[in-house]
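Containing mmCIF, C-alpha atoms and all ligand atoms: start.cif.
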data_start
#
loop_
_atom_site.label_atom_id
_atom_site.label_comp_id
_atom_site.auth_asym_id
_atom_site.auth_seq_id
_atom_site.Cartn_x
_atom_site.Cartn_y
_atom_site.Cartn_z
CA MET A 1 66.02 130.70 107.92
CA THR A 2 62.32 130.91 108.77
CA LYS A 3 61.18 128.41 111.38
CA ARG A 4 58.44 125.93 110.52
CA CYS A 5 55.20 125.51 112.45
CA ALA A 6 55.48 123.04 115.38
CA ALA A 7 52.09 121.44 114.61
CA LEU A 8 52.25 117.91 113.22
CA HIS A 9 52.61 117.72 109.40
CA CYS A 10 52.52 121.49 109.02
CA ALA A 11 55.16 123.10 106.80
CA GLU A 12 53.97 126.70 107.11
CA PRO A 13 56.33 129.33 108.50
CA VAL A 14 55.77 130.40 112.12
CA ALA A 15 53.84 133.57 112.89
CA GLY A 16 56.12 136.13 114.54
CA TYR A 17 57.57 134.78 117.79
CA SER A 18 55.05 131.92 117.98
CA THR A 19 56.09 128.31 117.48
CA LEU A 20 52.97 127.91 115.33
CA CYS A 21 51.84 129.24 111.96
CA GLU A 22 49.01 131.78 111.69
CA SER A 23 46.35 129.12 111.12
CA HIS A 24 47.42 126.76 113.93
CA LYS A 25 47.82 129.71 116.28
CA ARG A 26 44.17 130.63 115.59
CA THR A 27 43.03 127.04 116.15
CA LEU A 28 44.89 126.92 119.47
CA ARG A 29 43.15 130.12 120.57
CA ARG A 30 39.71 128.91 119.50
CA HIS A 31 39.88 125.23 120.36
CA GLY A 32 42.52 124.94 123.11
CA HIS A 33 44.92 122.82 121.01
CA ALA A 34 46.56 123.50 117.66
CA LEU A 35 45.23 120.23 116.19
CA GLN A 36 41.78 120.20 117.83
CA LYS A 37 38.82 120.22 115.44
CA GLY A 38 35.62 121.66 116.85
CA ILE A 39 33.03 119.17 118.14
CA THR A 40 29.92 119.82 116.05
CA VAL A 41 26.28 119.85 117.17
CA LEU A 42 25.68 116.84 114.91
CA GLU A 43 28.59 114.94 116.44
CA LEU A 44 27.34 115.51 119.97
CA LYS A 45 23.72 114.57 119.14
CA PRO A 46 23.97 110.76 119.68
CA PHE A 47 25.50 111.36 123.12
CA GLN A 48 22.75 113.82 124.01
CA ASP A 49 20.23 111.17 122.93
CA ARG A 50 21.88 108.70 125.32
CA ILE A 51 21.53 111.18 128.18
CA SER A 52 17.88 111.82 127.26
CA ALA A 53 17.27 108.06 127.24
CA ARG A 54 18.91 107.74 130.67
CA ARG A 55 16.74 110.57 131.97
CA ALA A 56 13.60 108.93 130.54
CA LYS A 57 14.56 105.61 132.12
CA ASN A 58 15.22 107.16 135.56
CA PRO A 59 12.83 110.11 135.84
CA ALA A 60 12.53 109.94 139.64
CA ASN A 61 16.27 109.70 140.27
CA PRO A 62 17.34 112.70 142.41
CA THR A 63 20.39 113.32 140.17
CA TRP A 64 18.41 115.52 137.76
CA GLU A 65 17.03 117.76 140.49
CA LEU A 66 20.46 118.03 142.13
CA LEU A 67 22.01 119.05 138.80
CA ARG A 68 19.27 121.64 138.28
CA GLY A 69 20.10 122.98 141.74
CA ARG A 70 23.79 123.21 140.85
CA TRP A 71 23.03 125.14 137.67
CA GLU A 72 20.70 127.43 139.60
CA ALA A 73 23.41 128.13 142.20
CA LEU A 74 26.07 128.71 139.54
CA THR A 75 23.98 131.11 137.47
CA ALA A 76 22.61 132.91 140.54
CA HIS A 77 26.21 133.57 141.57
CA ALA A 78 26.93 134.87 138.06
CA LYS A 79 23.91 137.16 138.26
CA ALA A 80 25.08 138.52 141.63
CA THR A 81 28.52 139.23 140.10
CA LEU A 82 26.88 141.14 137.24
CA ASP A 83 24.58 143.09 139.59
CA ALA A 84 27.55 144.08 141.75
CA TYR A 85 29.45 145.15 138.63
CA ALA A 86 26.45 147.22 137.46
CA ASN A 87 26.51 148.95 140.85
CA GLY A 88 30.12 149.97 140.41
CA SER A 89 32.05 147.07 141.96
CA PRO A 90 35.27 146.26 140.13
CA ALA A 91 35.38 142.95 138.30
CA ILE A 92 38.11 141.06 136.49
CA SER A 93 37.27 141.28 132.79
CA TYR A 94 37.22 137.54 131.99
CA GLU A 95 35.22 136.76 135.14
CA ARG A 96 32.65 139.37 134.20
CA GLN A 97 32.47 137.99 130.65
CA THR A 98 32.03 134.46 131.99
CA ALA A 99 29.23 135.70 134.25
CA GLU A 100 27.61 137.34 131.22
CA GLN A 101 27.71 134.07 129.29
CA LEU A 102 26.18 132.20 132.24
CA GLY A 103 23.54 134.92 132.61
CA THR A 104 22.59 134.63 128.94
CA LEU A 105 22.34 130.85 129.22
CA ARG A 106 20.23 131.16 132.37
CA THR A 107 17.67 133.42 130.68
CA THR A 108 17.56 131.92 127.17
CA VAL A 109 18.15 128.16 127.48
CA SER A 110 16.17 125.53 129.36
CA VAL A 111 18.13 124.09 132.26
CA ASP A 112 17.69 120.48 131.12
CA VAL A 113 19.12 121.31 127.68
CA VAL A 114 22.22 122.81 129.32
CA ILE A 115 22.58 119.76 131.58
CA ASP A 116 22.14 117.22 128.75
CA THR A 117 24.62 119.05 126.52
CA ALA A 118 27.26 119.27 129.26
CA LEU A 119 26.80 115.61 130.28
CA ALA A 120 26.93 114.50 126.63
CA MET A 121 30.42 116.01 126.33
CA PHE A 122 31.66 113.63 129.05
CA LEU A 123 30.17 110.68 127.16
CA LEU A 124 31.89 111.81 123.98
CA LEU A 125 35.19 112.11 125.87
CA GLU A 126 34.82 108.53 127.17
CA GLN A 127 33.70 106.96 123.89
CA SER A 128 35.62 109.04 121.33
CA PRO A 129 38.82 109.97 123.20
CA HIS A 130 40.66 110.42 119.88
CA ARG A 131 38.44 113.44 119.15
CA ILE A 132 39.82 115.38 122.13
CA MET A 133 43.48 116.43 121.88
CA SER A 134 44.06 117.54 125.49
CA ASP A 135 42.40 118.51 128.78
CA LYS A 136 42.38 122.10 127.67
CA ALA A 137 40.86 121.18 124.32
CA PHE A 138 38.09 119.32 126.19
CA ASN A 139 37.45 122.42 128.31
CA PHE A 140 37.13 124.57 125.21
CA GLN A 141 34.78 122.13 123.42
CA LEU A 142 32.62 121.80 126.54
CA ALA A 143 32.36 125.58 126.86
CA ARG A 144 31.78 126.11 123.13
CA ARG A 145 28.97 123.55 122.85
CA VAL A 146 27.17 124.86 125.93
CA ARG A 147 27.52 128.54 125.06
CA GLY A 148 26.42 127.72 121.51
CA LEU A 149 22.99 126.86 122.96
CA ALA A 150 22.26 130.52 123.60
CA GLU A 151 20.95 132.35 120.56
CA ALA A 152 22.01 135.64 122.10
CA ASN A 153 25.63 134.55 122.01
CA SER A 154 25.52 134.88 118.26
CA SER A 155 24.85 138.06 116.38
CA SER A 156 23.59 138.60 112.87
CA SER A 157 25.36 140.61 110.25
CA TYR A 158 24.53 141.36 106.67
CA SER A 159 26.86 139.72 104.19
CA ALA A 160 27.03 142.01 101.13
CA LYS A 161 28.91 139.32 99.23
CA GLU A 162 26.20 136.70 99.75
CA GLY A 163 23.31 139.18 99.79
CA ARG A 164 21.79 137.78 102.97
CA ILE A 165 21.88 138.07 106.74
CA LYS A 166 24.51 135.78 108.15
CA ARG A 167 24.72 134.70 111.73
CA THR A 168 28.24 135.19 113.00
CA TYR A 169 29.53 133.83 116.27
CA LYS A 170 31.61 136.15 118.33
CA ASP A 171 34.97 134.72 119.18
CA THR A 172 35.05 134.20 122.93
CA PRO A 173 38.43 134.95 124.55
CA PRO A 174 40.30 131.75 125.58
CA ARG A 175 40.32 132.71 129.27
CA VAL A 176 36.53 133.06 129.23
CA LEU A 177 36.13 129.63 127.60
CA ASP A 178 38.43 128.12 130.23
CA CYS A 179 36.60 129.85 133.08
CA LEU A 180 33.19 128.82 131.73
CA ALA A 181 34.39 125.22 131.35
CA GLU A 182 35.69 125.15 134.93
CA SER A 183 32.28 126.32 136.20
CA LEU A 184 30.51 123.66 134.11
CA LYS A 185 32.89 120.97 135.37
CA VAL A 186 32.29 121.93 138.99
CA ALA A 187 28.53 121.74 138.40
CA PHE A 188 28.29 118.66 136.15
CA GLY A 189 31.70 116.93 136.08
CA ILE A 190 31.07 114.20 138.65
CA ALA A 191 27.68 113.28 137.18
CA GLY A 192 29.16 113.42 133.66
CA MET A 193 31.97 111.01 134.46
CA ARG A 194 29.66 108.62 136.33
CA LEU A 195 27.16 108.54 133.45
CA ALA A 196 30.01 107.99 131.00
CA GLU A 197 31.02 104.92 133.06
CA LEU A 198 27.45 103.62 133.02
CA GLU A 199 27.29 104.04 129.24
CA LYS A 200 30.58 102.18 128.87
CA LYS A 201 29.20 99.28 130.92
CA ASP A 202 26.06 99.21 128.77
CA VAL A 203 28.14 99.12 125.59
CA GLU A 204 30.30 96.32 127.02
CA GLY A 205 27.17 94.42 128.08
CA LEU A 206 25.81 94.65 124.54
CA LYS A 207 29.11 93.41 123.10
CA ALA A 208 29.17 90.45 125.51
CA GLU A 209 25.58 89.59 124.60
CA ARG A 210 26.40 89.72 120.89
CA GLN A 211 29.41 87.46 121.49
CA GLN A 212 27.26 84.97 123.45
CA LEU A 213 24.74 84.90 120.62
CA SER A 214 27.46 84.44 118.03
CA ASP A 215 29.02 81.58 120.10
CA ALA A 216 25.64 79.98 120.58
CA LEU A 217 24.92 80.16 116.84
CA LYS A 218 28.20 78.34 116.09
CA ASP A 219 27.02 75.39 118.18
CA MET A 220 23.70 75.21 116.42
CA SER A 221 23.30 72.16 114.17
ZN ZN B 301 50.78 125.24 111.19
#
What is this file in structure tokens?
Amino acid sequence: MTKRCAALHCAEPVAGYSTLCESHKRTLRRHGHALQKGITVLELKPFQDRISARRAKNPANPTWELLRGRWEALTAHAKATLDAYANGSPAISYERQTAEQLGTLRTTVSVDVVIDTALAMFLLLEQSPHRIMSDKAFNFQLARRVRGLAEANSSSSYSAKEGRIKRTYKDTPPRVLDCLAESLKVAFGIAGMRLAELEKKDVEGLKAERQQLSDALKDMS
């Protein structure tokens, strides 16, 4: 008898020796969890807006400059890895690919956009925990949203069927996504979690204020 896919509510047969069907296996590889749906640009936007608002409210706070410094250090290290590789030093394939992704981001995306996008992912995790299926899935979404900022990470191809140039995103190997996410977490994780806490307090403050108003209105004659 053919085994059924281990993913919840899936009745498809498993793919080869996997415990998952072909489709869930692909999702696991792309998103870090068989049931994880990709976080979209649109979905992340309100959280990025919150970070932008926080930045606008605290422009002189040293956090921003410290985070820029961390990104600079991280991408400079990546550049050094790539230079060494170009000069014949051996490099582990996924580490080299991660360095390439960081190098592309460094040259094509403004540092503040990278920072805001990474920090926004921590806000999303705090406020919409149901959207993230596991730690690994969070890593993959963090890496995917940040790498998606770089135009050069996508390539165009002509779709004969649709008669137009289509932009296609190269599938990044899972190990590269994981490695990229780890680098981003080292650089921005502490700030991301702290800002997520601040946002939570703000939301709770608003709720309490609304409750006070509603209570006060009840007493009004
Ligand atoms: Zn399945």
Discussion item. One number please: atom CA of A:Ile51 to atom CA of A:Val186, in Å, one decimal.
Written reply: 18.7 Å
Item to complete: Measuring atom to atom with all atoms listed in the file, identify which of A:Ser183, A:Ser23, A:Thr2, A:Thr117 is nearest to ligand ZN 301 (chain B).
Response: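 Checking each candidate against ligand ZN 301 (chain B), we get A:Ser23 as the closest.
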Fill in: Distance query A:Val109 at most 7 Å, all atoms listed in the file, self and fewer than 3 positions along chain excluded, as a list in words
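So, after excluding close chain neighbours, the residues are Leu105, Arg106, Val113, Val114, Leu149 and Ala150 of chain A.
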Practice prompt. Find the residues around A:Glu199 up to 8 Å (only C-alpha atoms counted), leave out those fewer than 4 positions away in its own chain, and share them as number ranges by chain.
Written response: A: 123, 195, 203
Please identify the residues whose atoms come within 7 Å of ligand ZN 301 (chain B), using all atoms listed in the file, and report them as a CSV table (one decimal) with C-alpha atoms, keeping the file's coordinate frame.
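Listed below is the output, pocket.csv:
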chain,number,residue,atom,x,y,z
A,5,CYS,CA,55.2,125.5,112.4
A,6,ALA,CA,55.5,123.0,115.4
A,7,ALA,CA,52.1,121.4,114.6
A,10,CYS,CA,52.5,121.5,109.0
A,11,ALA,CA,55.2,123.1,106.8
A,12,GLU,CA,54.0,126.7,107.1
A,20,LEU,CA,53.0,127.9,115.3
A,21,CYS,CA,51.8,129.2,112.0
A,22,GLU,CA,49.0,131.8,111.7
A,23,SER,CA,46.4,129.1,111.1
A,24,HIS,CA,47.4,126.8,113.9
Fill in: Within-12 Å shell of (28.3, 118.4, 120.2) in input frame, all atoms listed in the file, as a ChimeraX atom specification
/A:37-49,114,116-125,128,131,138,140-149
Worksheet item: Do you have the atom CA of A:Gly32-atom CA of A:Pro174 distance handy?
Response: 7.6 Å
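The space between atom CA of A:Leu8 and atom CA of A:Leu28 spans 13.2 Å.
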Practice prompt. Go through A:Cys179, A:Pro59, A:Arg50, A:Ala137 one by one, measure the shortest atom-to-atom distance of each to A:Leu102 using only C-alpha atoms, and give the residue with the smallest value.
Written response: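 Result for the nearest residue to A:Leu102: A:Cys179.
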Discussion item. Using all atoms listed in the file, can you tell me which of A:Arg68, A:Val176, A:Thr19, A:Ala56 comes closest to A:Ser110?
Written reply: A:Arg68
Discussion item. Which polymer residues, whether protein, DNA or RNA, lie within 12 Å of the coordinate (31.8, 139.3, 130.4) when you count all atoms listed in the file? List them as a PyMOL selection string, using the chain letters and numbers from the file.
Written reply: chain A and resi 78-79+81-82+85-86+91-104+153+172-173+175-177+179-180
If the box runs along x, y and z of the file and leaves 5 Å on each side of stretch 83-98 of chain A, what are its centre and edge lengths in Å, one decimal, as lines of an AutoDock Vina configuration file?
center_x = 31.3
center_y = 142.2
center_z = 136.3
size_x = 23.5
size_y = 25.5
size_z = 21.3
Response to the item:
If you count all atoms listed in the file, the residue of A:Ala191, A:Ala80, A:Val14, A:Ala181 closest to A:Pro62 turns out to be A:Ala191
